>>> print(open('coords.txt').read())   # compact mmCIF, C-alpha atoms
# COMPACT_ATOMS: atom_id res chain seq x y z
CA MET A 22 106.10 79.98 123.28
CA ASP A 23 107.46 82.09 126.14
CA LEU A 24 104.13 83.88 126.51
CA MET A 25 102.16 80.64 126.74
CA GLN A 26 104.63 79.14 129.21
CA ARG A 27 104.45 82.23 131.42
CA LYS A 28 100.68 81.74 131.48
CA GLY A 29 101.12 78.20 132.77
CA HIS A 30 100.74 76.17 129.57
CA GLU A 31 103.02 73.30 128.63
CA VAL A 32 104.71 74.00 125.28
CA ALA A 33 107.08 71.96 123.13
CA GLY A 34 108.82 73.21 119.98
CA PHE A 35 109.59 71.27 116.82
CA ALA A 36 111.55 72.57 113.83
CA ARG A 37 114.11 71.67 111.23
CA LYS A 38 117.64 71.94 112.64
CA HIS A 39 119.40 75.26 112.19
CA PRO A 40 122.58 76.77 113.69
CA SER A 41 120.50 79.52 115.35
CA ASP A 42 118.11 77.14 117.13
CA ILE A 43 117.27 77.89 120.73
CA PRO A 44 117.80 74.91 123.08
CA SER A 45 115.00 72.36 123.06
CA GLN A 46 114.48 69.15 124.98
CA TYR A 47 113.32 67.56 121.72
CA GLU A 48 116.08 68.85 119.44
CA ARG A 49 117.46 65.34 118.95
CA PHE A 50 114.32 64.61 116.95
CA PHE A 51 114.64 67.65 114.65
CA PRO A 52 115.19 66.74 110.98
CA PRO A 53 118.55 67.88 109.53
CA ASP A 54 118.89 71.28 107.86
CA ILE A 55 118.33 71.56 104.10
CA VAL A 56 120.70 73.55 101.89
CA THR A 57 119.00 74.71 98.69
CA ASP A 58 121.30 77.50 97.49
CA LYS A 59 123.59 75.23 95.53
CA ILE A 60 121.76 72.19 94.20
CA SER A 61 123.50 70.31 91.40
CA LEU A 62 122.22 67.42 89.30
CA SER A 63 122.81 64.47 91.63
CA TRP A 64 121.10 61.90 93.85
CA ASP A 65 121.61 64.27 96.77
CA ALA A 66 119.62 66.84 94.84
CA VAL A 67 116.83 64.32 94.28
CA ARG A 68 116.72 63.55 98.01
CA THR A 69 116.66 67.26 98.80
CA MET A 70 113.76 67.81 96.40
CA LYS A 71 111.81 64.99 98.04
CA GLU A 72 112.35 66.63 101.42
CA ILE A 73 111.15 70.00 100.08
CA PHE A 74 107.94 68.52 98.69
CA TYR A 75 107.18 65.98 101.42
CA SER A 76 109.56 65.55 104.32
CA ARG A 77 109.62 62.04 105.74
CA SER A 78 112.32 63.06 108.22
CA ALA A 79 110.09 65.84 109.59
CA ARG A 80 107.16 63.48 109.95
CA ASN A 81 109.28 60.82 111.65
CA GLY A 82 110.88 63.34 114.00
CA LEU A 83 107.54 64.84 115.00
CA GLU A 84 106.16 61.35 115.62
CA GLN A 85 109.00 60.79 118.10
CA VAL A 86 108.10 64.01 119.91
CA LEU A 87 104.41 63.09 120.04
CA SER A 88 105.24 59.74 121.60
CA SER A 89 106.00 61.58 124.86
CA PHE A 90 104.43 65.04 124.50
CA LYS A 91 100.64 65.02 124.04
CA PRO A 92 99.49 68.47 122.88
CA ASP A 93 95.90 69.70 122.80
CA ILE A 94 96.77 72.03 119.90
CA ALA A 95 99.53 72.24 117.27
CA HIS A 96 100.40 75.81 116.28
CA VAL A 97 102.33 75.96 112.99
CA HIS A 98 104.58 78.70 111.57
CA ASN A 99 106.59 78.93 108.32
CA MET A 100 106.47 75.22 107.47
CA TYR A 101 106.62 75.48 103.66
CA GLY A 102 109.48 73.65 101.99
CA ARG A 103 110.99 72.63 105.33
CA LEU A 104 108.59 70.66 107.52
CA THR A 105 106.07 70.36 104.65
CA THR A 106 102.54 68.97 104.73
CA SER A 107 103.88 65.66 106.05
CA VAL A 108 103.49 67.06 109.57
CA LEU A 109 99.90 68.09 108.81
CA ASP A 110 99.17 64.51 107.75
CA LEU A 111 100.58 63.16 111.00
CA LEU A 112 98.79 65.67 113.22
CA SER A 113 95.52 64.94 111.44
CA GLU A 114 95.97 61.19 111.85
CA LYS A 115 96.53 61.72 115.58
CA LYS A 116 93.47 64.01 115.73
CA ILE A 117 95.48 66.96 117.02
CA PRO A 118 93.80 70.26 115.96
CA ILE A 119 96.00 72.64 113.95
CA VAL A 120 96.28 76.43 114.01
CA MET A 121 98.60 78.14 111.53
CA THR A 122 99.93 81.70 111.64
CA LEU A 123 100.36 83.29 108.20
CA HIS A 124 103.53 85.33 107.71
CA ASP A 125 103.31 85.76 103.93
CA TYR A 126 101.25 84.91 100.83
CA LYS A 127 102.69 81.46 100.08
CA LEU A 128 99.24 79.82 100.05
CA VAL A 129 98.31 81.87 96.98
CA CYS A 130 101.70 82.93 95.53
CA PRO A 131 104.47 80.38 94.80
CA THR A 132 107.17 82.92 95.66
CA TYR A 133 105.54 84.24 98.85
CA LEU A 134 105.48 87.98 98.04
CA PHE A 135 103.03 88.74 95.20
CA MET A 136 105.95 90.53 93.55
CA ARG A 137 107.98 90.45 90.34
CA ASN A 138 110.68 92.79 89.04
CA SER A 139 110.32 95.10 92.05
CA ARG A 140 106.61 95.60 91.56
CA VAL A 141 103.42 94.02 92.85
CA CYS A 142 102.32 91.07 90.71
CA GLU A 143 99.14 89.03 91.15
CA ASP A 144 99.41 86.97 87.96
CA CYS A 145 99.06 83.71 89.92
CA LYS A 146 95.69 84.59 91.44
CA GLY A 147 93.04 82.02 90.65
CA ASP A 148 95.52 79.13 91.02
CA ARG A 149 97.31 80.17 87.81
CA PHE A 150 100.65 79.12 89.27
CA TYR A 151 102.08 78.40 85.82
CA MET A 152 102.51 82.16 85.52
CA ALA A 153 105.36 81.91 88.03
CA VAL A 154 107.19 79.73 85.49
CA LYS A 155 106.33 81.96 82.56
CA ASN A 156 107.58 85.01 84.48
CA ARG A 157 110.61 83.19 85.95
CA CYS A 158 109.59 84.52 89.34
CA HIS A 159 111.88 82.39 91.49
CA LYS A 160 115.58 83.28 91.23
CA GLY A 161 115.07 84.29 87.57
CA SER A 162 115.07 80.60 86.65
CA TYR A 163 112.52 78.54 84.73
CA ALA A 164 113.59 75.38 86.60
CA ALA A 165 113.47 76.94 90.08
CA SER A 166 110.15 78.60 89.26
CA ALA A 167 108.73 75.30 88.02
CA ILE A 168 109.59 73.66 91.34
CA VAL A 169 107.77 76.25 93.47
CA ALA A 170 104.84 76.33 91.03
CA LEU A 171 104.52 72.53 91.22
CA GLU A 172 104.55 72.74 95.02
CA SER A 173 101.70 75.26 94.88
CA TYR A 174 99.71 73.09 92.48
CA MET A 175 100.16 70.09 94.76
CA ASN A 176 98.91 72.08 97.74
CA ALA A 177 95.92 73.34 95.74
CA TRP A 178 95.01 69.88 94.41
CA LEU A 179 95.43 67.99 97.69
CA LYS A 180 93.79 70.77 99.75
CA LYS A 181 95.65 69.73 102.90
CA TYR A 182 95.85 73.25 104.30
CA ARG A 183 92.13 73.77 103.77
CA LYS A 184 91.19 70.40 105.27
CA TYR A 185 93.64 70.06 108.13
CA VAL A 186 94.06 73.61 109.48
CA ALA A 187 91.17 74.58 111.74
CA PHE A 188 92.02 78.28 111.73
CA PHE A 189 94.63 80.48 110.08
CA ILE A 190 95.84 83.47 112.06
CA SER A 191 96.58 86.63 110.09
CA PRO A 192 98.51 89.46 111.80
CA SER A 193 97.00 91.95 109.31
CA LEU A 194 93.53 92.46 107.88
CA PHE A 195 95.14 93.06 104.50
CA LEU A 196 96.58 89.54 104.33
CA LYS A 197 93.25 88.07 105.41
CA ASP A 198 91.39 90.05 102.75
CA LYS A 199 93.90 89.07 100.06
CA LEU A 200 93.44 85.39 100.84
CA THR A 201 89.66 85.68 100.76
CA GLU A 202 89.98 87.40 97.36
CA CYS A 203 91.78 84.24 96.25
CA GLY A 204 88.99 81.97 97.42
CA TRP A 205 89.90 81.10 101.01
CA PRO A 206 86.95 81.08 103.45
CA ALA A 207 86.93 84.27 105.51
CA ASP A 208 85.64 82.42 108.59
CA GLN A 209 88.72 80.16 108.52
CA ILE A 210 91.04 83.17 108.98
CA LYS A 211 91.25 85.00 112.30
CA HIS A 212 92.87 88.41 112.65
CA VAL A 213 95.26 88.55 115.61
CA PRO A 214 97.82 91.41 115.64
CA ASN A 215 101.45 90.73 116.51
CA PHE A 216 102.65 91.68 119.97
CA LEU A 217 105.74 92.88 121.78
CA PRO A 218 106.56 93.01 125.51
CA ILE A 219 105.85 96.75 125.43
CA THR A 220 106.47 97.38 129.13
CA GLU A 221 109.99 95.92 128.83
CA LEU A 222 110.98 98.41 126.11
CA ASP A 223 112.08 101.84 127.33
CA PRO A 224 110.81 104.62 125.04
CA MET A 225 112.78 107.74 124.08
CA TYR A 226 110.32 110.41 122.95
CA ALA A 227 112.92 113.12 122.35
CA PRO A 228 113.62 113.16 118.59
CA GLY A 229 117.09 112.27 117.34
CA THR A 230 118.73 113.50 114.15
CA ASP A 231 118.59 110.41 111.90
CA PHE A 232 115.85 108.90 109.83
CA LEU A 233 116.22 105.15 110.34
CA TYR A 234 115.64 102.18 108.05
CA LEU A 235 115.80 98.90 109.90
CA GLY A 236 115.65 95.48 108.22
CA ARG A 237 116.76 93.34 105.33
CA LEU A 238 118.42 95.13 102.41
CA SER A 239 116.51 93.65 99.49
CA GLU A 240 114.63 95.01 96.48
CA GLU A 241 111.11 94.51 97.81
CA LYS A 242 111.84 96.71 100.83
CA GLY A 243 112.04 99.86 98.69
CA ILE A 244 115.29 101.15 100.19
CA LYS A 245 116.51 102.52 96.85
CA THR A 246 113.46 104.77 96.79
CA LEU A 247 114.38 105.95 100.28
CA VAL A 248 118.02 106.68 99.42
CA ARG A 249 117.09 108.59 96.25
CA ALA A 250 114.40 110.58 98.09
CA PHE A 251 116.76 111.46 100.92
CA MET A 252 119.50 112.63 98.54
CA GLU A 253 117.02 114.96 96.82
CA MET A 254 115.56 116.54 99.94
CA LYS A 255 116.72 119.62 101.82
CA GLN A 256 118.40 117.64 104.56
CA GLY A 257 119.76 120.29 106.89
CA HIS A 258 121.50 118.55 109.79
CA PHE A 259 119.40 115.36 109.51
CA GLY A 260 120.94 112.06 108.43
CA LEU A 261 119.81 108.65 107.21
CA LYS A 262 120.95 105.54 109.02
CA ILE A 263 120.44 102.17 107.31
CA VAL A 264 120.64 99.21 109.67
CA GLY A 265 120.77 95.68 108.29
CA ASP A 266 122.35 93.65 105.55
CA GLY A 267 121.25 91.88 102.42
CA PRO A 268 121.79 91.24 98.72
CA ILE A 269 121.53 94.87 97.53
CA ARG A 270 123.77 96.52 100.13
CA ALA A 271 126.58 97.16 97.62
CA ASP A 272 124.07 98.69 95.16
CA LEU A 273 122.73 100.97 97.88
CA GLU A 274 126.19 102.12 98.91
CA ARG A 275 126.99 102.98 95.28
CA LEU A 276 123.68 104.81 95.01
CA ALA A 277 124.50 106.86 98.11
CA LYS A 278 127.68 108.06 96.32
CA GLY A 279 129.60 108.56 99.52
CA ASN A 280 127.05 111.00 100.92
CA PRO A 281 128.31 111.57 104.51
CA LEU A 282 124.76 111.95 105.80
CA ILE A 283 123.89 108.37 104.77
CA ARG A 284 125.42 105.71 107.00
CA PHE A 285 125.30 101.92 106.63
CA THR A 286 125.79 100.12 109.94
CA GLY A 287 125.37 96.54 108.78
CA TYR A 288 123.69 94.00 111.03
CA LEU A 289 123.13 95.12 114.63
CA SER A 290 121.81 93.26 117.66
CA GLY A 291 121.27 93.73 121.37
CA LYS A 292 121.80 97.18 122.84
CA GLU A 293 123.21 98.59 119.58
CA LEU A 294 120.00 97.67 117.79
CA GLN A 295 117.82 99.08 120.58
CA ASP A 296 119.76 102.34 120.64
CA ALA A 297 119.45 102.73 116.87
CA SER A 298 115.67 102.91 117.33
CA ARG A 299 115.58 104.82 120.61
CA TYR A 300 117.82 107.63 119.34
CA ALA A 301 116.26 107.93 115.88
CA LEU A 302 114.25 110.86 114.57
CA ALA A 303 111.71 108.58 112.89
CA ILE A 304 111.63 105.13 111.33
CA VAL A 305 110.98 104.87 107.59
CA VAL A 306 109.32 101.78 106.06
CA PRO A 307 109.43 102.34 102.27
CA SER A 308 108.27 98.87 101.15
CA LEU A 309 107.31 98.03 97.59
CA CYS A 310 105.70 94.72 98.52
CA TYR A 311 102.51 93.75 100.31
CA GLU A 312 103.93 93.83 103.82
CA ASN A 313 101.98 91.81 106.35
CA ALA A 314 102.47 93.50 109.75
CA PRO A 315 106.09 94.68 110.00
CA LEU A 316 107.63 94.26 113.43
CA ALA A 317 109.88 97.23 112.60
CA ILE A 318 106.80 99.46 112.87
CA LEU A 319 105.65 97.87 116.09
CA GLU A 320 109.11 98.21 117.63
CA ALA A 321 109.34 101.85 116.53
CA MET A 322 106.01 102.60 118.20
CA ALA A 323 107.13 100.80 121.37
CA TYR A 324 110.24 103.00 121.49
CA GLY A 325 108.13 106.13 121.07
CA LYS A 326 109.15 106.92 117.49
CA PRO A 327 106.90 108.17 114.67
CA VAL A 328 106.84 106.02 111.53
CA LEU A 329 106.83 107.14 107.91
CA GLY A 330 105.38 104.20 106.01
CA ALA A 331 104.46 103.25 102.45
CA ARG A 332 100.73 103.01 101.81
CA ILE A 333 100.78 99.32 100.89
CA GLY A 334 99.82 95.96 102.39
CA GLY A 335 99.20 95.96 106.13
CA ILE A 336 101.28 99.09 106.82
CA PRO A 337 98.31 101.55 106.80
CA GLU A 338 96.64 99.47 109.52
CA MET A 339 99.50 100.35 111.87
CA ILE A 340 100.01 104.03 111.02
CA GLN A 341 97.28 106.61 111.53
CA ASP A 342 98.34 109.35 109.14
CA GLY A 343 99.21 112.49 111.09
CA LEU A 344 98.72 110.85 114.49
CA ASN A 345 101.65 108.45 114.97
CA GLY A 346 103.36 108.98 111.62
CA PHE A 347 102.80 109.73 107.96
CA LEU A 348 101.86 107.58 104.96
CA PHE A 349 103.14 108.02 101.41
CA GLU A 350 102.58 106.25 98.10
CA SER A 351 104.73 103.13 97.78
CA GLY A 352 107.56 103.61 95.29
CA ASN A 353 106.86 107.33 94.91
CA GLU A 354 110.24 108.98 95.44
CA ALA A 355 108.88 112.52 95.18
CA GLU A 356 106.13 111.92 97.73
CA LEU A 357 108.53 110.28 100.16
CA LYS A 358 110.88 113.26 99.78
CA SER A 359 108.10 115.74 100.51
CA THR A 360 106.89 113.60 103.44
CA MET A 361 110.34 113.65 105.06
CA GLU A 362 110.66 117.40 104.43
CA ARG A 363 107.24 117.94 105.97
CA PHE A 364 108.24 115.87 108.98
CA ILE A 365 111.48 117.70 109.76
CA LYS A 366 109.58 121.00 109.81
CA LEU A 367 107.41 119.82 112.70
CA PRO A 368 108.08 121.30 116.14
CA LYS A 369 109.94 119.02 118.51
CA ALA A 370 106.91 118.86 120.81
CA HIS A 371 104.73 117.66 117.93
CA ILE A 372 107.18 114.87 117.05
CA GLU A 373 107.22 113.78 120.69
CA LYS A 374 103.41 113.79 120.70
CA MET A 375 103.35 111.50 117.65
CA GLY A 376 105.79 109.15 119.36
CA ARG A 377 103.62 108.98 122.47
CA ALA A 378 100.54 108.29 120.34
CA GLY A 379 102.34 105.37 118.70
CA ARG A 380 103.45 104.00 122.06
CA ASN A 381 99.90 104.22 123.41
CA MET A 382 98.54 102.50 120.32
CA ALA A 383 101.02 99.64 120.62
CA ALA A 384 100.30 99.27 124.33
CA SER A 385 96.55 98.98 123.73
CA GLN A 386 96.50 96.91 120.52
CA ASN A 387 99.74 94.93 120.58
CA SER A 388 100.28 93.95 124.19
CA PRO A 389 101.14 90.37 125.23
CA GLU A 390 97.91 90.23 127.23
CA SER A 391 95.65 91.17 124.30
CA HIS A 392 97.47 88.68 122.07
CA TYR A 393 97.13 85.93 124.67
CA VAL A 394 93.40 86.53 125.14
CA ALA A 395 92.81 86.39 121.37
CA LEU A 396 94.94 83.28 120.94
CA LEU A 397 93.33 81.47 123.85
CA GLY A 398 89.89 82.28 122.46
CA ILE A 399 90.81 80.56 119.19
CA TYR A 400 92.25 77.55 120.98
CA ARG A 401 89.14 77.18 123.14
CA ASN A 402 86.90 77.51 120.11
CA ILE A 403 88.70 74.60 118.44
CA LEU A 404 88.54 72.48 121.60
CA GLY A 405 84.85 73.21 122.07
CA LYS A 406 85.38 75.10 125.31
CA VAL A 407 83.68 78.34 124.22
>>> encode(input="coords.txt", output="structure tokens")
Amino acid sequence: MDLMQRKGHEVAGFARKHPSDIPSQYERFFPPDIVTDKISLSWDAVRTMKEIFYSRSARNGLEQVLSSFKPDIAHVHNMYGRLTTSVLDLLSEKKIPIVMTLHDYKLVCPTYLFMRNSRVCEDCKGDRFYMAVKNRCHKGSYAASAIVALESYMNAWLKKYRKYVAFFISPSLFLKDKLTECGWPADQIKHVPNFLPITELDPMYAPGTDFLYLGRLSEEKGIKTLVRAFMEMKQGHFGLKIVGDGPIRADLERLAKGNPLIRFTGYLSGKELQDASRYALAIVVPSLCYENAPLAILEAMAYGKPVLGARIGGIPEMIQDGLNGFLFESGNEAELKSTMERFIKLPKAHIEKMGRAGRNMAASQNSPESHYVALLGIYRNILGKV
């Protein structure tokens, strides 16, 4: 939104209310937040379920916004289970073209990740969403899994995404290819990499002494593999800093067994977060899931840091092995260990060279300007101005 406004475009935001919302002139029209963590058998639960499947409040709120703001294009993000396809119906009725950025695999996987029991799972491919119920994929519950599977079946049967969305934007080629494997038209999906304001981020090429993991502490991120690999390697004076919080933090701390070289910082923001990256040795992305295009990698490159990343999902598109980092087999503790040991043996000048290569790559492929040009090309295509 900021990028488009800086380029002179008028932009209005619409979302479901949340405590972390940025100020918006239309926030009075936002539908109320939905709490789904603790749903009991009650009429409130029934109303919540209706909102998850088809939100009348989202449709009504958006209609209020559109009564005064007349967009040429609607660009949608992360609308599943919150704004729902009700907003697609309204936009279509008002003949407003729709672009949608894909952040996950929800269109083809009821639980977003193509993952079950800490491993990749594609059982639902071919619209076999009942497998999510059979496997209890969502919260380990048959009931919860049935709800998300039903939502996926409804989307598949009604075909609203296929009919109403002019183009999907995929930040990675991997996500685009995975959707086309599942039957989505390749020409409906445009590849546009994520961007960062690279010139506003001050790099630090000199290597620090800590490997850094940065992000949510959850099973699919592969952090247990990282902790085990680090504890087995010949560490020397190098440490492992884990920044973030999440459901498996306590498990990870137990796994680390009080190792003084492994430090958990919890959630960081602002300058503390920037410094964690700038003063790192390298960033490690040990994911077990089909990552799309992790911003952690892009930020690491912007700060001039090499990245050690799992060879899975869209990660290999961002790391040129040996140039701006190293790749290793996802979930392979031994290979990650040897990769880190190989890295710490590199001369300081070589590590700095890898960091500069990453920074140059991000500046050329992930700049605001390149993103804007690609996005504007898609918009103009839809509006018949190309």
>>> residues_around(input="coords.txt", residues="segment 123-128 of chain A", least_positions_apart="6", cutoff="6 Å", atoms="all atoms listed in the file", output="PDB file with C-alpha atoms, keeping the file's coordinate frame")
ATOM      1  CA  LEU A 134     105.480  87.980  98.040  1.00  0.00           C
ATOM      2  CA  ILE A 190      95.840  83.470 112.060  1.00  0.00           C
ATOM      3  CA  SER A 191      96.580  86.630 110.090  1.00  0.00           C
TER       4      SER A 191
END
>>> residues_near_point(input="coords.txt", point="(106.8, 104.9, 122.2)", cutoff="12 Å", atoms="all atoms listed in the file", output="ChimeraX atom specification")
/A:219-228,298-301,303-304,318-328,345-346,372-385
>>> atom_distance(input="coords.txt", atom1="atom CA of Leu87 of chain A", atom2="atom CA of Phe50 of chain A")
10.5 Å
>>> closest_residue(input="coords.txt", among="A:Ile55, A:His96, A:Ala317, A:Glu362", to="Met25 of chain A", atoms="only C-alpha atoms")
A:His96
>>> atom_distance(input="coords.txt", atom1="atom CA of Asn138 of chain A", atom2="atom CA of Cys203 of chain A")
22.0 Å
>>> decode(input="coords.txt", residues="segment 268-281 of chain A", atoms="C-alpha atoms", output="mmCIF file, in the first residue's frame")
data_model
loop_
_atom_site.group_PDB
_atom_site.id
_atom_site.type_symbol
_atom_site.label_atom_id
_atom_site.label_comp_id
_atom_site.auth_asym_id
_atom_site.auth_seq_id
_atom_site.Cartn_x
_atom_site.Cartn_y
_atom_site.Cartn_z
ATOM 1 C CA PRO A 268 4.154 -23.228 20.485
ATOM 2 C CA ILE A 269 7.320 -25.360 20.640
ATOM 3 C CA ARG A 270 9.611 -22.922 22.454
ATOM 4 C CA ALA A 271 9.546 -24.933 25.700
ATOM 5 C CA ASP A 272 10.350 -28.135 23.765
ATOM 6 C CA LEU A 273 13.283 -26.428 22.074
ATOM 7 C CA GLU A 274 14.663 -25.104 25.344
ATOM 8 C CA ARG A 275 14.508 -28.606 26.833
ATOM 9 C CA LEU A 276 16.207 -29.981 23.737
ATOM 10 C CA ALA A 277 19.019 -27.443 24.087
ATOM 11 C CA LYS A 278 19.677 -28.847 27.597
ATOM 12 C CA GLY A 279 21.026 -25.592 28.925
ATOM 13 C CA ASN A 280 23.759 -25.400 26.289
ATOM 14 C CA PRO A 281 25.278 -21.923 26.905
#
